[in-house]
Amino acid sequence: NGNVVLSADTTLATAEDEVILLNDVVVAREGTPTGVAGSADLVGLIDTRLAVNDAGDFAYATNTDAAITADEVIVKVAAGVATYAAREGDPIPGLVGGLWGVNLNSPVLAGDGRVGLVGTSITGVPADQNDVLVLDAVILSQSGFTQPGNQLGTEFWENFDMDDFWISADGSRWLAQGDLTGAVASDDVVVVDGSVVVQEGVPLAGTGFAEPVDLNGIVGVSMAPGGRWFVRGNNAGTEIDWVYSNGAVLASLGQPVAGDPTETWSDAEFADCFFLHTGDSSGNYVIGGVSNGPTASNGVLVLNGAEVIAREGDPIDIDGNGVFDDDAFFNTFGNDDGALTDEGLFYFVATIRNGAGSQIGQGYFVAATVLTERIFADGFELPVP
């Protein structure tokens with residue numbers, strides 16, 4: 001609903017320079033206490049993947065200064081109160097005998113406060129079953145034990161990729177990427193609600209592509225709050241790049257960028273072509289990619305395949321005076337560094353260059369879209385970038 005959680009580096013010393021901001025307020029910092037009652041642990045390095053819900057609760061993964069057998073944690077902060085959703089060495093709810101291991105990552109947070117995560121190298125279970133995908137006390141999948149449906153063979157999960165676990169806002173749907181126990185040429189899969197939707201070495205279903213997904217051809221995944229899933233990647237042989245969602249191709253190499261047949265998606269400069277996909281709970285989506293346009297302006301962010309939200313080379317009003325007189329322009333957009341809210345605001349990270357082409361910094365921005373114009377038609381003020 002517009003709550004934004006962001007991690008960043010500061011100019012503080014290395015042991016305390018990472019921070020988490022919730023709606024522009026620092027709520028956690030490396031080198032300070034986690035705030036969990038009864039714990040003196042200090043926040044360590046903070047994982048890239050963060051989670052936030054409509055209530056403004058958030059969750060993050062960090063390696064604290066506790067003993068090496070108990071330093072990995074997932075911290076949940078709800079209504080200002082911090083708790084450990086998972087801690088290395090503690091029992092795993094829903095898994096008899098299982099204890100959290102040395103790697104806890106990919107936190108997700110449902111609207112009702114349930115926390116999910118990926119736990120690897122857990123103990124108390126057979127060695128080939130020591131990776132788990134959980135949501136609260138429910139084991140969604142377990143390596144060596146769970147067989148995803150709709151796959152090429154009858155393989156078990158072997159492992160789950162870090163930062164590639166997603167849920168819908170209500171927690172009813174989930175997505176994960178990882179490897180199966182089968183042949184290397186077909187072991188990488190994307191699974192939604194227990195069934196494979198994309199598999200390495202297998203053509204994309206319902207697309208007309210004859211070529212299979214390339215070896216290591218699954219580049220990125222995500223799930224929007226409403227449960228819509230996204231996968232981007234490329235095919236073997238032709239190396240056609242694509243963004244695939246809910247069984248249909250949203251964009252692919254050579255297609256028009258935003259209805260203009262003269263500007264098409266291209267991998268001439270960036271081999272993967274697409275670098276971002278995200279959506280809201282109503283089915284709207286943003287795709288980031290590179291076009292066949294001039295090098296200085298061929299990185300674009302596009303809403304619903306029709307509206308260019310921003311592109312490389314667009315001017316930026318740094319000081320907010322309403323005039324583009326700061327000699328500042330978008331340089332490059334971050335891979336997967338974007339989020340679309342239901343209000344139609346698109347938040348993103350980009351580097352900044354001057355008119356001479358030299359990079360001069362990095363920024364965190366918000367852009368209004370045509371969706372915003374509809375939603376805020378009654379005179380509400382937009383956030384200032």
# chains A, B, ... in the order shown; residues from 1 in each chain; ligands from 1
>>> residues_around(residues="Ala205 of chain A", least_positions_apart="5", cutoff="8 Å", atoms="only C-alpha atoms", output="count of residues only")
3
>>> select_by_dssp(residues="segment 15-135 of chain A", states="strand (DSSP E)", output="JSON, numbers by chain")
{"A": [18, 19, 20, 21, 22, 25, 26, 27, 28, 29, 46, 47, 48, 49, 50, 51, 52, 58, 59, 60, 61, 62, 63, 72, 73, 74, 75, 76, 77, 78, 81, 82, 83, 84, 85, 86, 87, 103, 104, 105, 106, 107, 108, 109, 115, 116, 117, 118, 119, 120, 132, 133, 134, 135]}
>>> residues_around(residues="Gly305 of chain A", least_positions_apart="3", cutoff="10 Å", atoms="only C-alpha atoms", output="NGL selection string")
:A and (250-251 or 256-259 or 284-287 or 301-302 or 308)
>>> atom_distance(atom1="atom CA of Val192 of chain A", atom2="atom CA of Ala176 of chain A")
6.7 Å
>>> residues_around(residues="Val25 of chain A", least_positions_apart="4", cutoff="12 Å", atoms="only C-alpha atoms", output="list of chain:residue names")
A:Asn3, A:Val4, A:Val5, A:Leu6, A:Ser7, A:Ala8, A:Val19, A:Ile20, A:Leu21, A:Arg29, A:Gly56
>>> closest_atom_pairs(of="segment 33-127 of chain A", to="segment 166-174 of chain A", cutoff="12 Å", atoms="only C-alpha atoms", output="tab-separated table")
residue	atom	partner	partner_atom	distance
A:Arg49	CA	A:Trp166	CA	10.5
A:Leu50	CA	A:Trp166	CA	11.1
A:Ala51	CA	A:Trp166	CA	9.8
A:Val52	CA	A:Ala169	CA	9.7
A:Asn53	CA	A:Ala169	CA	7.3
A:Asp54	CA	A:Ala169	CA	8.5
A:Ala55	CA	A:Ala169	CA	11.2
A:Asn105	CA	A:Trp166	CA	11.8
A:Ser106	CA	A:Trp166	CA	8.2
A:Pro107	CA	A:Trp166	CA	8.5
A:Val108	CA	A:Trp166	CA	6.4
A:Leu109	CA	A:Ala169	CA	7.7
A:Ala110	CA	A:Ala169	CA	5.2
A:Gly111	CA	A:Ala169	CA	5.5
A:Asp112	CA	A:Asp170	CA	7.1
A:Gly113	CA	A:Asp170	CA	9.5
A:Arg114	CA	A:Gly171	CA	7.9
A:Val115	CA	A:Gly171	CA	9.3
A:Gly116	CA	A:Ile167	CA	8.4
A:Leu117	CA	A:Trp166	CA	9.1
A:Val118	CA	A:Trp166	CA	10.4
>>> residues_around(residues="Glu30 of chain A", least_positions_apart="5", cutoff="8 Å", atoms="only C-alpha atoms", output="PDB file with C-alpha atoms, in the first residue's frame")
ATOM      1  CA  ALA A  15      31.421  -2.074  10.650  1.00  0.00           C
ATOM      2  CA  GLU A  16      28.371   0.188  10.974  1.00  0.00           C
ATOM      3  CA  ASP A  17      27.697   1.645   7.532  1.00  0.00           C
ATOM      4  CA  GLU A  18      24.704  -0.422   6.366  1.00  0.00           C
ATOM      5  CA  VAL A  19      21.213   0.823   7.204  1.00  0.00           C
ATOM      6  CA  LEU A  42      24.299  -6.626  17.154  1.00  0.00           C
ATOM      7  CA  VAL A  43      23.117  -6.346  13.561  1.00  0.00           C
ATOM      8  CA  GLY A  44      25.805  -7.484  11.113  1.00  0.00           C
ATOM      9  CA  LEU A  45      25.905  -7.436   7.315  1.00  0.00           C
ATOM     10  CA  ILE A  46      22.366  -7.070   5.991  1.00  0.00           C
TER      11      ILE A  46
END
>>> closest_residue(among="A:Pro203, A:Ser186, A:Val26, A:Thr64", to="Asn216 of chain A", atoms="only C-alpha atoms")
A:Ser186
>>> select_by_dssp(residues="segment 157-303 of chain A", states="helix (DSSP H, G or I)", output="list in words")
Val184, Ala185, Ser186, Thr295, Ala296 and Ser297 of chain A
>>> write_last_selection(atoms="N, CA, C and O atoms", output="PDB file, in the first residue's frame")
ATOM      1  N   VAL A 184      22.115 -31.734 -15.349  1.00  0.00           N
ATOM      2  CA  VAL A 184      22.448 -30.317 -15.303  1.00  0.00           C
ATOM      3  C   VAL A 184      21.729 -29.534 -16.404  1.00  0.00           C
ATOM      4  O   VAL A 184      21.358 -28.372 -16.213  1.00  0.00           O
ATOM      5  N   ALA A 185      21.503 -30.161 -17.543  1.00  0.00           N
ATOM      6  CA  ALA A 185      20.891 -29.470 -18.676  1.00  0.00           C
ATOM      7  C   ALA A 185      19.424 -29.127 -18.454  1.00  0.00           C
ATOM      8  O   ALA A 185      18.854 -28.339 -19.212  1.00  0.00           O
ATOM      9  N   SER A 186      18.811 -29.696 -17.414  1.00  0.00           N
ATOM     10  CA  SER A 186      17.384 -29.435 -17.186  1.00  0.00           C
ATOM     11  C   SER A 186      17.035 -29.304 -15.708  1.00  0.00           C
ATOM     12  O   SER A 186      15.874 -29.425 -15.332  1.00  0.00           O
ATOM     13  N   THR A 295      22.764   4.678 -27.750  1.00  0.00           N
ATOM     14  CA  THR A 295      23.349   4.147 -26.520  1.00  0.00           C
ATOM     15  C   THR A 295      23.049   5.014 -25.308  1.00  0.00           C
ATOM     16  O   THR A 295      22.831   4.510 -24.206  1.00  0.00           O
ATOM     17  N   ALA A 296      23.000   6.303 -25.493  1.00  0.00           N
ATOM     18  CA  ALA A 296      22.799   7.211 -24.360  1.00  0.00           C
ATOM     19  C   ALA A 296      21.371   7.243 -23.846  1.00  0.00           C
ATOM     20  O   ALA A 296      21.103   7.839 -22.805  1.00  0.00           O
ATOM     21  N   SER A 297      20.444   6.576 -24.555  1.00  0.00           N
ATOM     22  CA  SER A 297      19.039   6.646 -24.132  1.00  0.00           C
ATOM     23  C   SER A 297      18.286   5.342 -24.375  1.00  0.00           C
ATOM     24  O   SER A 297      17.060   5.346 -24.484  1.00  0.00           O
TER      25      SER A 297
END
>>> residues_around(residues="Ala66 of chain A", least_positions_apart="3", cutoff="8 Å", atoms="only C-alpha atoms", output="list in words")
Asp41, Leu42, Thr69, Ala70 and Asp71 of chain A
>>> write_last_selection(atoms="N, CA, C and O atoms", output="PDB file, in the first residue's frame")
ATOM      1  N   ASP A  41      22.497  -9.230  20.813  1.00  0.00           N
ATOM      2  CA  ASP A  41      23.104  -9.361  19.487  1.00  0.00           C
ATOM      3  C   ASP A  41      23.118  -8.032  18.748  1.00  0.00           C
ATOM      4  O   ASP A  41      22.161  -7.247  18.826  1.00  0.00           O
ATOM      5  N   LEU A  42      24.191  -7.804  17.996  1.00  0.00           N
ATOM      6  CA  LEU A  42      24.299  -6.626  17.154  1.00  0.00           C
ATOM      7  C   LEU A  42      24.044  -7.003  15.706  1.00  0.00           C
ATOM      8  O   LEU A  42      24.468  -8.071  15.242  1.00  0.00           O
ATOM      9  N   THR A  69      27.594 -20.485  16.149  1.00  0.00           N
ATOM     10  CA  THR A  69      26.541 -21.503  16.050  1.00  0.00           C
ATOM     11  C   THR A  69      25.136 -20.919  16.174  1.00  0.00           C
ATOM     12  O   THR A  69      24.147 -21.654  16.093  1.00  0.00           O
ATOM     13  N   ALA A  70      25.063 -19.576  16.371  1.00  0.00           N
ATOM     14  CA  ALA A  70      23.744 -18.959  16.554  1.00  0.00           C
ATOM     15  C   ALA A  70      23.671 -17.561  15.970  1.00  0.00           C
ATOM     16  O   ALA A  70      22.804 -16.769  16.351  1.00  0.00           O
ATOM     17  N   ASP A  71      24.548 -17.234  15.021  1.00  0.00           N
ATOM     18  CA  ASP A  71      24.620 -15.848  14.553  1.00  0.00           C
ATOM     19  C   ASP A  71      23.732 -15.521  13.366  1.00  0.00           C
ATOM     20  O   ASP A  71      23.447 -14.357  13.096  1.00  0.00           O
TER      21      ASP A  71
END
>>> residues_around(residues="Asp317 of chain A", least_positions_apart="5", cutoff="8 Å", atoms="only C-alpha atoms", output="ChimeraX atom specification")
/A:322-326,328
>>> atom_distance(atom1="atom CA of Gly97 of chain A", atom2="atom CA of Thr123 of chain A")
8.1 Å
>>> closest_residue(among="A:Leu135, A:Leu340, A:Val366, A:Ala40", to="Ala86 of chain A", atoms="only C-alpha atoms")
A:Leu135
>>> closest_residue(among="A:Asp260, A:Asp280, A:Asp188, A:Gly194", to="Gly226 of chain A", atoms="only C-alpha atoms")
A:Asp280
>>> atom_distance(atom1="atom CA of Thr332 of chain A", atom2="atom CA of Ala306 of chain A")
20.7 Å
